[in-house]
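S.K.: Coordinates in coords-v1.pdb, PDB, C-alpha atoms, pLDDT in the B column, are listed below.
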```pdb
MODEL        1
ATOM      1  CA  MET A 298      -0.655  20.896  23.667  1.00 67.00           C
ATOM      2  CA  SER A 299      -0.401  18.042  21.166  1.00 77.00           C
ATOM      3  CA  TYR A 300      -1.954  18.168  17.713  1.00 89.00           C
ATOM      4  CA  ASN A 301      -3.074  15.156  15.692  1.00 94.00           C
ATOM      5  CA  VAL A 302      -3.527  15.446  11.935  1.00 96.00           C
ATOM      6  CA  ILE A 303      -5.070  12.662   9.860  1.00 97.00           C
ATOM      7  CA  LEU A 304      -4.015  12.498   6.209  1.00 97.00           C
ATOM      8  CA  THR A 305      -6.507  10.782   3.895  1.00 97.00           C
ATOM      9  CA  ASN A 306      -4.781  11.011   0.506  1.00 95.00           C
ATOM     10  CA  ASP A 307      -3.538   8.028  -1.468  1.00 93.00           C
ATOM     11  CA  GLY A 308       0.202   7.781  -2.114  1.00 88.00           C
ATOM     12  CA  GLU A 309       3.113   9.769  -0.719  1.00 88.00           C
ATOM     13  CA  ILE A 310       2.826  12.238   2.147  1.00 90.00           C
ATOM     14  CA  ASP A 311       6.250  13.915   1.872  1.00 89.00           C
ATOM     15  CA  GLY A 312       4.586  17.247   1.176  1.00 88.00           C
ATOM     16  CA  PHE A 313       3.235  17.258   4.734  1.00 91.00           C
ATOM     17  CA  SER A 314       6.688  16.902   6.338  1.00 92.00           C
ATOM     18  CA  LEU A 315       6.554  20.453   7.729  1.00 91.00           C
ATOM     19  CA  LEU A 316       3.864  19.277  10.139  1.00 93.00           C
ATOM     20  CA  ASN A 317       6.220  16.753  11.723  1.00 92.00           C
ATOM     21  CA  GLU A 318       8.994  19.340  11.862  1.00 91.00           C
ATOM     22  CA  LYS A 319       6.679  21.507  13.949  1.00 90.00           C
ATOM     23  CA  GLY A 320       5.946  18.648  16.347  1.00 90.00           C
ATOM     24  CA  ILE A 321       2.525  17.791  14.951  1.00 93.00           C
ATOM     25  CA  LYS A 322       1.647  14.097  14.926  1.00 94.00           C
ATOM     26  CA  THR A 323       0.424  12.821  11.550  1.00 96.00           C
ATOM     27  CA  PHE A 324      -1.498   9.631  10.831  1.00 97.00           C
ATOM     28  CA  HIS A 325      -1.909   8.355   7.278  1.00 97.00           C
ATOM     29  CA  TYR A 326      -5.188   6.587   6.622  1.00 98.00           C
ATOM     30  CA  PRO A 327      -5.933   6.714   2.867  1.00 97.00           C
ATOM     31  CA  MET A 328      -9.614   7.042   2.044  1.00 97.00           C
ATOM     32  CA  ILE A 329      -9.130   6.303  -1.651  1.00 96.00           C
ATOM     33  CA  LYS A 330      -7.186   3.824  -3.740  1.00 95.00           C
ATOM     34  CA  ILE A 331      -5.750   4.830  -7.121  1.00 95.00           C
ATOM     35  CA  SER A 332      -4.728   2.225  -9.678  1.00 94.00           C
ATOM     36  CA  ALA A 333      -4.192   1.739 -13.391  1.00 93.00           C
ATOM     37  CA  LEU A 334      -7.270   1.317 -15.532  1.00 89.00           C
ATOM     38  CA  ASN A 335      -6.790  -1.454 -18.049  1.00 79.00           C
ATOM     39  CA  SER A 336      -7.522  -0.366 -21.586  1.00 71.00           C
ATOM     40  CA  ASP A 337      -6.451  -1.668 -24.965  1.00 71.00           C
ATOM     41  CA  VAL A 338      -6.702   1.694 -26.689  1.00 79.00           C
ATOM     42  CA  SER A 339      -3.899   2.228 -29.172  1.00 86.00           C
ATOM     43  CA  PHE A 340      -2.995   5.633 -30.571  1.00 91.00           C
ATOM     44  CA  SER A 341      -0.062   7.585 -31.947  1.00 94.00           C
ATOM     45  CA  LEU A 342       1.277  10.539 -29.963  1.00 95.00           C
ATOM     46  CA  ASP A 343       1.994  12.252 -33.263  1.00 94.00           C
ATOM     47  CA  GLU A 344      -1.748  12.421 -33.985  1.00 95.00           C
ATOM     48  CA  TYR A 345      -2.266  15.080 -31.301  1.00 97.00           C
ATOM     49  CA  ASP A 346      -1.155  18.686 -31.134  1.00 97.00           C
ATOM     50  CA  PHE A 347      -1.498  18.936 -27.362  1.00 97.00           C
ATOM     51  CA  PHE A 348      -1.930  16.746 -24.268  1.00 98.00           C
ATOM     52  CA  ILE A 349      -3.614  18.151 -21.153  1.00 97.00           C
ATOM     53  CA  PHE A 350      -2.802  16.712 -17.716  1.00 96.00           C
ATOM     54  CA  THR A 351      -4.808  17.667 -14.637  1.00 92.00           C
ATOM     55  CA  SER A 352      -2.993  15.584 -11.989  1.00 91.00           C
ATOM     56  CA  LYS A 353       0.258  13.795 -11.204  1.00 91.00           C
ATOM     57  CA  ASN A 354      -1.635  10.485 -11.362  1.00 94.00           C
ATOM     58  CA  GLY A 355      -2.710  11.262 -14.897  1.00 95.00           C
ATOM     59  CA  VAL A 356       0.940  11.777 -15.845  1.00 96.00           C
ATOM     60  CA  LYS A 357       2.114   8.616 -14.097  1.00 95.00           C
ATOM     61  CA  PHE A 358      -0.470   6.228 -15.466  1.00 95.00           C
ATOM     62  CA  PHE A 359      -0.455   7.755 -18.957  1.00 95.00           C
ATOM     63  CA  PHE A 360       3.270   7.321 -19.451  1.00 94.00           C
ATOM     64  CA  GLU A 361       3.201   3.825 -17.940  1.00 92.00           C
ATOM     65  CA  LYS A 362       0.840   2.661 -20.698  1.00 92.00           C
ATOM     66  CA  ASP A 363       2.564   0.243 -23.089  1.00 90.00           C
ATOM     67  CA  THR A 364       1.192   2.112 -26.086  1.00 90.00           C
ATOM     68  CA  VAL A 365       2.902   5.295 -24.804  1.00 93.00           C
ATOM     69  CA  LYS A 366       6.126   3.691 -23.548  1.00 89.00           C
ATOM     70  CA  SER A 367       6.994   2.454 -27.018  1.00 88.00           C
ATOM     71  CA  GLN A 368       6.773   5.897 -28.623  1.00 92.00           C
ATOM     72  CA  ASN A 369       9.009   8.954 -28.763  1.00 89.00           C
ATOM     73  CA  LYS A 370       7.774  11.374 -26.112  1.00 87.00           C
ATOM     74  CA  THR A 371      10.389  14.115 -26.373  1.00 83.00           C
ATOM     75  CA  SER A 372       8.484  16.331 -28.772  1.00 86.00           C
ATOM     76  CA  ILE A 373       4.938  16.186 -27.377  1.00 94.00           C
ATOM     77  CA  LYS A 374       3.379  19.452 -26.195  1.00 96.00           C
ATOM     78  CA  CYS A 375       1.835  19.277 -22.735  1.00 97.00           C
ATOM     79  CA  ILE A 376      -0.438  21.576 -20.756  1.00 96.00           C
ATOM     80  CA  SER A 377      -0.841  21.079 -17.012  1.00 93.00           C
ATOM     81  CA  ILE A 378      -2.622  22.064 -13.835  1.00 90.00           C
ATOM     82  CA  GLY A 379      -0.651  22.440 -10.600  1.00 82.00           C
ATOM     83  CA  SER A 380       2.933  22.209  -9.392  1.00 82.00           C
ATOM     84  CA  LYS A 381       2.773  18.475  -8.677  1.00 84.00           C
ATOM     85  CA  THR A 382       1.589  17.786 -12.218  1.00 90.00           C
ATOM     86  CA  ASN A 383       4.479  19.870 -13.528  1.00 91.00           C
ATOM     87  CA  LYS A 384       6.907  17.989 -11.323  1.00 90.00           C
ATOM     88  CA  ALA A 385       5.565  14.655 -12.574  1.00 92.00           C
ATOM     89  CA  LEU A 386       6.070  15.780 -16.193  1.00 95.00           C
ATOM     90  CA  HIS A 387       9.627  16.866 -15.395  1.00 94.00           C
ATOM     91  CA  GLU A 388      10.374  13.308 -14.289  1.00 93.00           C
ATOM     92  CA  TYR A 389       9.759  12.315 -17.906  1.00 92.00           C
ATOM     93  CA  ASN A 390      11.942  15.210 -19.107  1.00 92.00           C
ATOM     94  CA  ILE A 391       8.920  17.108 -20.361  1.00 94.00           C
ATOM     95  CA  GLU A 392       8.526  20.843 -19.806  1.00 93.00           C
ATOM     96  CA  PRO A 393       4.880  21.976 -20.038  1.00 94.00           C
ATOM     97  CA  ILE A 394       4.345  24.643 -22.651  1.00 94.00           C
ATOM     98  CA  TYR A 395       1.564  26.064 -20.517  1.00 92.00           C
ATOM     99  CA  SER A 396       0.586  25.627 -16.873  1.00 89.00           C
ATOM    100  CA  ALA A 397      -2.517  26.974 -15.139  1.00 82.00           C
ATOM    101  CA  LYS A 398      -1.813  29.709 -12.591  1.00 68.00           C
ATOM    102  CA  ARG A 399      -4.248  28.070 -10.158  1.00 68.00           C
ATOM    103  CA  SER A 400      -5.151  24.401  -9.698  1.00 67.00           C
ATOM    104  CA  TYR A 401      -8.711  24.667 -10.978  1.00 74.00           C
ATOM    105  CA  SER A 402     -10.172  23.364 -14.228  1.00 83.00           C
ATOM    106  CA  SER A 403     -12.286  26.487 -14.669  1.00 82.00           C
ATOM    107  CA  ASP A 404      -9.205  28.710 -14.551  1.00 84.00           C
ATOM    108  CA  LEU A 405      -7.344  26.530 -17.035  1.00 89.00           C
ATOM    109  CA  TYR A 406     -10.236  26.620 -19.473  1.00 91.00           C
ATOM    110  CA  LYS A 407     -10.592  30.401 -19.235  1.00 90.00           C
ATOM    111  CA  ASP A 408      -6.862  30.862 -19.822  1.00 90.00           C
ATOM    112  CA  LEU A 409      -6.788  28.527 -22.820  1.00 91.00           C
ATOM    113  CA  LYS A 410      -9.869  30.120 -24.309  1.00 91.00           C
ATOM    114  CA  ASN A 411      -8.425  33.616 -23.949  1.00 91.00           C
ATOM    115  CA  ILE A 412      -5.022  32.848 -25.462  1.00 92.00           C
ATOM    116  CA  LYS A 413      -6.594  30.715 -28.217  1.00 94.00           C
ATOM    117  CA  LEU A 414      -3.808  28.143 -27.981  1.00 93.00           C
ATOM    118  CA  LEU A 415      -6.053  25.165 -28.704  1.00 94.00           C
ATOM    119  CA  ASN A 416      -8.383  26.615 -31.294  1.00 94.00           C
ATOM    120  CA  SER A 417      -9.112  23.975 -33.956  1.00 93.00           C
ATOM    121  CA  LYS A 418      -6.259  21.804 -32.656  1.00 96.00           C
ATOM    122  CA  LYS A 419      -6.371  18.078 -31.956  1.00 97.00           C
ATOM    123  CA  VAL A 420      -6.122  17.613 -28.199  1.00 97.00           C
ATOM    124  CA  MET A 421      -6.081  14.710 -25.733  1.00 97.00           C
ATOM    125  CA  LEU A 422      -7.368  15.320 -22.198  1.00 97.00           C
ATOM    126  CA  ILE A 423      -5.971  12.858 -19.635  1.00 96.00           C
ATOM    127  CA  GLN A 424      -8.089  12.421 -16.485  1.00 95.00           C
ATOM    128  CA  GLY A 425      -9.198   9.818 -13.957  1.00 93.00           C
ATOM    129  CA  ASN A 426     -12.544   8.020 -13.967  1.00 93.00           C
ATOM    130  CA  LEU A 427     -14.076  10.320 -11.329  1.00 89.00           C
ATOM    131  CA  ALA A 428     -13.060  13.624 -12.911  1.00 88.00           C
ATOM    132  CA  LYS A 429     -15.885  16.100 -13.380  1.00 85.00           C
ATOM    133  CA  ASN A 430     -16.962  16.791 -16.952  1.00 90.00           C
ATOM    134  CA  TYR A 431     -16.462  20.557 -16.782  1.00 90.00           C
ATOM    135  CA  LEU A 432     -13.136  20.674 -18.602  1.00 93.00           C
ATOM    136  CA  PHE A 433     -14.166  18.152 -21.250  1.00 94.00           C
ATOM    137  CA  GLU A 434     -17.514  19.776 -21.988  1.00 95.00           C
ATOM    138  CA  ASN A 435     -15.977  23.223 -22.369  1.00 95.00           C
ATOM    139  CA  LEU A 436     -12.766  22.334 -24.189  1.00 95.00           C
ATOM    140  CA  LYS A 437     -14.607  20.377 -26.857  1.00 94.00           C
ATOM    141  CA  MET A 438     -16.211  23.643 -27.952  1.00 94.00           C
ATOM    142  CA  ILE A 439     -12.865  25.120 -28.995  1.00 94.00           C
ATOM    143  CA  CYS A 440     -10.829  22.126 -30.181  1.00 96.00           C
ATOM    144  CA  TYR A 441     -11.027  18.551 -31.480  1.00 97.00           C
ATOM    145  CA  LEU A 442     -10.976  16.778 -28.155  1.00 96.00           C
ATOM    146  CA  THR A 443     -10.387  13.179 -27.095  1.00 96.00           C
ATOM    147  CA  LYS A 444     -10.593  12.083 -23.467  1.00 95.00           C
ATOM    148  CA  PHE A 445      -8.291   9.315 -22.241  1.00 95.00           C
ATOM    149  CA  VAL A 446      -8.752   7.690 -18.804  1.00 95.00           C
ATOM    150  CA  PRO A 447      -5.617   5.775 -17.700  1.00 95.00           C
ATOM    151  CA  TYR A 448      -6.452   5.349 -14.003  1.00 95.00           C
ATOM    152  CA  LYS A 449      -9.325   4.850 -11.600  1.00 94.00           C
ATOM    153  CA  THR A 450     -10.082   6.106  -8.119  1.00 94.00           C
ATOM    154  CA  GLU A 451     -11.948   3.828  -5.732  1.00 94.00           C
ATOM    155  CA  ILE A 452     -13.185   4.790  -2.280  1.00 94.00           C
ATOM    156  CA  ILE A 453     -12.134   2.703   0.712  1.00 96.00           C
ATOM    157  CA  LYS A 454     -15.099   0.729   2.034  1.00 96.00           C
ATOM    158  CA  GLU A 455     -13.583  -1.043   5.042  1.00 96.00           C
ATOM    159  CA  LEU A 456     -13.546   0.619   8.449  1.00 97.00           C
ATOM    160  CA  ASN A 457     -10.171   0.928  10.188  1.00 98.00           C
ATOM    161  CA  LYS A 458     -10.483   0.258  13.924  1.00 97.00           C
ATOM    162  CA  ASN A 459      -7.308   2.223  14.754  1.00 98.00           C
ATOM    163  CA  LEU A 460      -8.643   5.308  13.017  1.00 98.00           C
ATOM    164  CA  GLU A 461     -12.018   4.917  14.694  1.00 97.00           C
ATOM    165  CA  THR A 462     -10.326   4.775  18.100  1.00 97.00           C
ATOM    166  CA  LEU A 463      -8.155   7.804  17.304  1.00 97.00           C
ATOM    167  CA  LEU A 464     -11.239   9.841  16.384  1.00 97.00           C
ATOM    168  CA  LYS A 465     -13.005   8.857  19.593  1.00 96.00           C
ATOM    169  CA  LYS A 466     -10.115   9.477  22.001  1.00 95.00           C
ATOM    170  CA  GLU A 467      -8.150  12.405  20.571  1.00 94.00           C
ATOM    171  CA  LYS A 468      -8.722  15.908  19.254  1.00 94.00           C
ATOM    172  CA  THR A 469      -7.988  15.566  15.547  1.00 96.00           C
ATOM    173  CA  TYR A 470      -7.787  17.550  12.324  1.00 96.00           C
ATOM    174  CA  THR A 471      -8.457  15.604   9.144  1.00 97.00           C
ATOM    175  CA  VAL A 472      -7.109  16.672   5.760  1.00 97.00           C
ATOM    176  CA  PHE A 473      -9.237  15.976   2.708  1.00 97.00           C
ATOM    177  CA  THR A 474      -7.651  16.334  -0.719  1.00 94.00           C
ATOM    178  CA  SER A 475     -10.606  15.273  -2.874  1.00 93.00           C
ATOM    179  CA  PRO A 476     -14.400  14.906  -2.764  1.00 94.00           C
ATOM    180  CA  SER A 477     -14.095  11.125  -3.106  1.00 95.00           C
ATOM    181  CA  GLY A 478     -11.801  10.974  -0.073  1.00 96.00           C
ATOM    182  CA  PHE A 479     -14.338  12.854   2.008  1.00 97.00           C
ATOM    183  CA  LEU A 480     -17.195  10.669   0.794  1.00 97.00           C
ATOM    184  CA  SER A 481     -15.293   7.549   1.825  1.00 97.00           C
ATOM    185  CA  PHE A 482     -14.601   9.002   5.285  1.00 98.00           C
ATOM    186  CA  GLU A 483     -18.223  10.101   5.741  1.00 97.00           C
ATOM    187  CA  ASN A 484     -19.472   6.622   4.860  1.00 97.00           C
ATOM    188  CA  LEU A 485     -17.290   4.991   7.507  1.00 98.00           C
ATOM    189  CA  TYR A 486     -16.738   7.452  10.364  1.00 98.00           C
ATOM    190  CA  ASP A 487     -18.438  10.199  12.355  1.00 97.00           C
ATOM    191  CA  VAL A 488     -17.332  13.410  10.626  1.00 97.00           C
ATOM    192  CA  ASN A 489     -18.390  15.472  13.641  1.00 97.00           C
ATOM    193  CA  LYS A 490     -15.583  13.931  15.699  1.00 97.00           C
ATOM    194  CA  THR A 491     -12.858  15.762  13.756  1.00 97.00           C
ATOM    195  CA  SER A 492     -12.081  19.235  12.431  1.00 96.00           C
ATOM    196  CA  ILE A 493     -12.076  19.384   8.634  1.00 97.00           C
ATOM    197  CA  ILE A 494      -9.130  20.750   6.641  1.00 96.00           C
ATOM    198  CA  SER A 495      -9.703  21.059   2.886  1.00 96.00           C
ATOM    199  CA  ILE A 496      -7.107  21.329   0.128  1.00 93.00           C
ATOM    200  CA  GLY A 497      -9.180  23.686  -2.027  1.00 89.00           C
ATOM    201  CA  GLU A 498     -12.489  25.156  -3.091  1.00 89.00           C
ATOM    202  CA  THR A 499     -13.643  22.137  -5.119  1.00 89.00           C
ATOM    203  CA  THR A 500     -13.275  19.801  -2.136  1.00 94.00           C
ATOM    204  CA  SER A 501     -14.748  22.372   0.253  1.00 95.00           C
ATOM    205  CA  SER A 502     -17.796  22.869  -1.970  1.00 94.00           C
ATOM    206  CA  PHE A 503     -18.457  19.138  -1.932  1.00 95.00           C
ATOM    207  CA  ILE A 504     -18.036  18.967   1.838  1.00 97.00           C
ATOM    208  CA  LYS A 505     -20.530  21.810   2.275  1.00 97.00           C
ATOM    209  CA  GLU A 506     -22.981  20.072  -0.049  1.00 97.00           C
ATOM    210  CA  ARG A 507     -22.791  17.090   2.298  1.00 97.00           C
ATOM    211  CA  GLY A 508     -23.802  19.334   5.207  1.00 97.00           C
ATOM    212  CA  TYR A 509     -20.449  19.976   6.857  1.00 98.00           C
ATOM    213  CA  GLU A 510     -18.277  23.076   7.234  1.00 97.00           C
ATOM    214  CA  PRO A 511     -14.491  22.946   6.778  1.00 96.00           C
ATOM    215  CA  LEU A 512     -12.523  24.590   9.574  1.00 95.00           C
ATOM    216  CA  VAL A 513     -10.218  26.006   6.935  1.00 93.00           C
ATOM    217  CA  THR A 514      -9.613  25.764   3.185  1.00 93.00           C
ATOM    218  CA  SER A 515      -6.067  25.996   1.892  1.00 90.00           C
ATOM    219  CA  GLN A 516      -5.397  28.830  -0.543  1.00 84.00           C
ATOM    220  CA  MET A 517      -2.640  26.787  -2.177  1.00 82.00           C
ATOM    221  CA  GLN A 518      -3.778  23.496  -3.727  1.00 79.00           C
ATOM    222  CA  SER A 519      -0.751  21.482  -2.660  1.00 84.00           C
ATOM    223  CA  TYR A 520       0.243  19.326   0.311  1.00 89.00           C
ATOM    224  CA  GLU A 521       2.852  21.916   1.277  1.00 90.00           C
ATOM    225  CA  GLY A 522       0.197  24.624   1.125  1.00 88.00           C
ATOM    226  CA  VAL A 523      -2.144  22.605   3.335  1.00 92.00           C
ATOM    227  CA  ALA A 524       0.639  22.029   5.875  1.00 92.00           C
ATOM    228  CA  GLU A 525       1.368  25.764   6.045  1.00 92.00           C
ATOM    229  CA  THR A 526      -2.355  26.505   6.396  1.00 91.00           C
ATOM    230  CA  ILE A 527      -2.667  24.092   9.330  1.00 92.00           C
ATOM    231  CA  ILE A 528       0.363  25.574  11.102  1.00 90.00           C
ATOM    232  CA  SER A 529      -0.936  29.102  10.579  1.00 88.00           C
ATOM    233  CA  ASN A 530      -4.451  28.205  11.722  1.00 84.00           C
ATOM    234  CA  LEU A 531      -3.231  26.442  14.852  1.00 78.00           C
ATOM    235  CA  LYS A 532      -0.842  29.361  15.529  1.00 69.00           C
ATOM    236  CA  ILE A 533       2.185  27.108  15.845  1.00 62.00           C
ATOM    237  CA  ASN A 534       5.550  28.906  15.790  1.00 53.00           C
TER
ENDMDL
END
```
Turn this file's structure into structure tokens for me.

M.R.:
Amino acid sequence: MSYNVILTNDGEIDGFSLLNEKGIKTFHYPMIKISALNSDVSFSLDEYDFFIFTSKNGVKFFFEKDTVKSQNKTSIKCISIGSKTNKALHEYNIEPIYSAKRSYSSDLYKDLKNIKLLNSKKVMLIQGNLAKNYLFENLKMICYLTKFVPYKTEIIKELNKNLETLLKKEKTYTVFTSPSGFLSFENLYDVNKTSIISIGETTSSFIKERGYEPLVTSQMQSYEGVAETIISNLKIN
């Protein structure tokens, strides 16, 4: 039996390589587009005690900013969510001083509140334009917080005929890694023609709010974790 998995994330798909190793066919049709958000904001890294990153894109687009490139980054103190965010920071030779145990904003906030690391400190939160306000609204109660948005996420609005045909003719499993990716897919295609795989609880909650039920939700919020979840669910040896 052949399995067809549709990947809807923007950017690299190396983390899903285990699927191909197991003989699963993968098709990459991004449902979102991520790009730099132009801003003329100028600031000194030395002004802040801590920088909080919630995604690898936040790391990438923050450090690509001209105002950041020209400054010494070796001594800044960073806090992160998720293994991919940590990996992105390592590429800039930065070791996070604290990393959330799970890839959820609520868990990061609870941890930071309990250990009192940020109390009365000056902090910059780096997020994309579609990030929920939960982390910002809660963190600002315990520290002097500034939010910086270096990138934007846009949903794809043009239907892809090849994907439409694939959904009609084959049994497919579609991986969603964000609410915006699912929204884009729902706007363009018949969701009922595929089985839904979700990267985590945040994405699954959104999918359920839209009236659909994920076949499975990955317990690990990473591409590798999703790949392992798919293999386990499909009972592939």

S.K.: Quick one: apply the PyMOL selection byres ((chain A and resi 511-523) around 10) to the file and drop the selected residues here as a PyMOL selection string.

M.R.: chain A and resi 304+306+310-316+379-381+399-401+470-474+491-502+504-505+509-510+524-530

S.K.: Please produce a file of those selected residues containing C-alpha atoms, as a compact mmCIF listing (two decimals), keeping the file's coordinate frame.

M.R.:
```txt
# COMPACT_ATOMS: atom_id res chain seq x y z
CA LEU A 304 -4.01 12.50 6.21
CA ASN A 306 -4.78 11.01 0.51
CA ILE A 310 2.83 12.24 2.15
CA ASP A 311 6.25 13.92 1.87
CA GLY A 312 4.59 17.25 1.18
CA PHE A 313 3.24 17.26 4.73
CA SER A 314 6.69 16.90 6.34
CA LEU A 315 6.55 20.45 7.73
CA LEU A 316 3.86 19.28 10.14
CA GLY A 379 -0.65 22.44 -10.60
CA SER A 380 2.93 22.21 -9.39
CA LYS A 381 2.77 18.48 -8.68
CA ARG A 399 -4.25 28.07 -10.16
CA SER A 400 -5.15 24.40 -9.70
CA TYR A 401 -8.71 24.67 -10.98
CA TYR A 470 -7.79 17.55 12.32
CA THR A 471 -8.46 15.60 9.14
CA VAL A 472 -7.11 16.67 5.76
CA PHE A 473 -9.24 15.98 2.71
CA THR A 474 -7.65 16.33 -0.72
CA THR A 491 -12.86 15.76 13.76
CA SER A 492 -12.08 19.24 12.43
CA ILE A 493 -12.08 19.38 8.63
CA ILE A 494 -9.13 20.75 6.64
CA SER A 495 -9.70 21.06 2.89
CA ILE A 496 -7.11 21.33 0.13
CA GLY A 497 -9.18 23.69 -2.03
CA GLU A 498 -12.49 25.16 -3.09
CA THR A 499 -13.64 22.14 -5.12
CA THR A 500 -13.28 19.80 -2.14
CA SER A 501 -14.75 22.37 0.25
CA SER A 502 -17.80 22.87 -1.97
CA ILE A 504 -18.04 18.97 1.84
CA LYS A 505 -20.53 21.81 2.28
CA TYR A 509 -20.45 19.98 6.86
CA GLU A 510 -18.28 23.08 7.23
CA ALA A 524 0.64 22.03 5.88
CA GLU A 525 1.37 25.76 6.04
CA THR A 526 -2.36 26.50 6.40
CA ILE A 527 -2.67 24.09 9.33
CA ILE A 528 0.36 25.57 11.10
CA SER A 529 -0.94 29.10 10.58
CA ASN A 530 -4.45 28.20 11.72
```

S.K.: Compare A:Phe445, A:Tyr486, A:Tyr345, A:Tyr389 by their minimum atom-to-atom distance to A:Leu422, counting all atoms listed in the file, and give me the closest one.

M.R.: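 When distances to A:Leu422 are compared using all atoms listed in the file, the smallest one comes from A:Phe445.
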
S.K.: Residues at most 12 Å from A:Leu464, counting all atoms listed in the file, excluding those fewer than 5 positions away in the same chain, as a ChimeraX atom specification?

M.R.: /A:301-303,324,326,457-459,469-471,482,485-492

S.K.: Neighbourhood query: residues within 10 Å of (-18.8, 6.7, 3.3), file coordinates, counting only C-alpha atoms; return as a short mmCIF file (atom, residue, chain, number, x, y, z; two decimals) with C-alpha atoms, keeping the file's coordinate frame.

M.R.:
```
data_model
loop_
_atom_site.label_atom_id
_atom_site.label_comp_id
_atom_site.auth_asym_id
_atom_site.auth_seq_id
_atom_site.Cartn_x
_atom_site.Cartn_y
_atom_site.Cartn_z
CA MET A 328 -9.61 7.04 2.04
CA ILE A 452 -13.18 4.79 -2.28
CA ILE A 453 -12.13 2.70 0.71
CA LYS A 454 -15.10 0.73 2.03
CA GLU A 455 -13.58 -1.04 5.04
CA LEU A 456 -13.55 0.62 8.45
CA SER A 477 -14.10 11.12 -3.11
CA GLY A 478 -11.80 10.97 -0.07
CA PHE A 479 -14.34 12.85 2.01
CA LEU A 480 -17.20 10.67 0.79
CA SER A 481 -15.29 7.55 1.82
CA PHE A 482 -14.60 9.00 5.28
CA GLU A 483 -18.22 10.10 5.74
CA ASN A 484 -19.47 6.62 4.86
CA LEU A 485 -17.29 4.99 7.51
CA TYR A 486 -16.74 7.45 10.36
CA ASP A 487 -18.44 10.20 12.36
#
```

S.K.: What's the separation between atom CA of A:Tyr300 and atom CA of A:Ile331, in Å to one decimal place?

M.R.: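 Computing the Euclidean distance for atom CA of A:Tyr300 and atom CA of A:Ile331 yields 28.4 Å.
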
S.K.: Which of these, A:Phe340, A:Phe359, A:Phe503, A:Phe347, has the shortest distance to A:Pro393 once you count only C-alpha atoms?

M.R.: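 That would be A:Phe347, the residue with the smallest distance to A:Pro393.
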
S.K.: With N, CA and C atoms as the target, complete stretch 345-357 of chain A and hand it back as a JSON list (two decimals), keeping the file's coordinate frame.

M.R.:
```json
[["chain", "number", "residue", "atom", "x", "y", "z"],
["A", 345, "TYR", "N", -1.71, 14.00, -32.12],
["A", 345, "TYR", "CA", -2.27, 15.08, -31.30],
["A", 345, "TYR", "C", -1.32, 16.28, -31.23],
["A", 346, "ASP", "N", -1.93, 17.44, -31.25],
["A", 346, "ASP", "CA", -1.16, 18.69, -31.13],
["A", 346, "ASP", "C", -0.79, 18.99, -29.69],
["A", 347, "PHE", "N", -1.72, 18.65, -28.78],
["A", 347, "PHE", "CA", -1.50, 18.94, -27.36],
["A", 347, "PHE", "C", -2.07, 17.83, -26.48],
["A", 348, "PHE", "N", -1.45, 17.67, -25.29],
["A", 348, "PHE", "CA", -1.93, 16.75, -24.27],
["A", 348, "PHE", "C", -2.13, 17.55, -22.98],
["A", 349, "ILE", "N", -3.30, 17.40, -22.37],
["A", 349, "ILE", "CA", -3.61, 18.15, -21.15],
["A", 349, "ILE", "C", -3.65, 17.20, -19.96],
["A", 350, "PHE", "N", -2.85, 17.51, -18.94],
["A", 350, "PHE", "CA", -2.80, 16.71, -17.72],
["A", 350, "PHE", "C", -3.32, 17.54, -16.54],
["A", 351, "THR", "N", -4.21, 16.95, -15.75],
["A", 351, "THR", "CA", -4.81, 17.67, -14.64],
["A", 351, "THR", "C", -4.35, 17.14, -13.28],
["A", 352, "SER", "N", -3.48, 16.12, -13.26],
["A", 352, "SER", "CA", -2.99, 15.58, -11.99],
["A", 352, "SER", "C", -1.72, 14.79, -12.21],
["A", 353, "LYS", "N", -0.97, 14.60, -11.13],
["A", 353, "LYS", "CA", 0.26, 13.80, -11.20],
["A", 353, "LYS", "C", -0.07, 12.34, -11.52],
["A", 354, "ASN", "N", -1.24, 11.86, -11.07],
["A", 354, "ASN", "CA", -1.64, 10.48, -11.36],
["A", 354, "ASN", "C", -1.91, 10.30, -12.85],
["A", 355, "GLY", "N", -2.48, 11.32, -13.47],
["A", 355, "GLY", "CA", -2.71, 11.26, -14.90],
["A", 355, "GLY", "C", -1.41, 11.11, -15.65],
["A", 356, "VAL", "N", -0.39, 11.86, -15.22],
["A", 356, "VAL", "CA", 0.94, 11.78, -15.84],
["A", 356, "VAL", "C", 1.52, 10.37, -15.66],
["A", 357, "LYS", "N", 1.52, 9.91, -14.42],
["A", 357, "LYS", "CA", 2.11, 8.62, -14.10],
["A", 357, "LYS", "C", 1.49, 7.48, -14.90]]
```
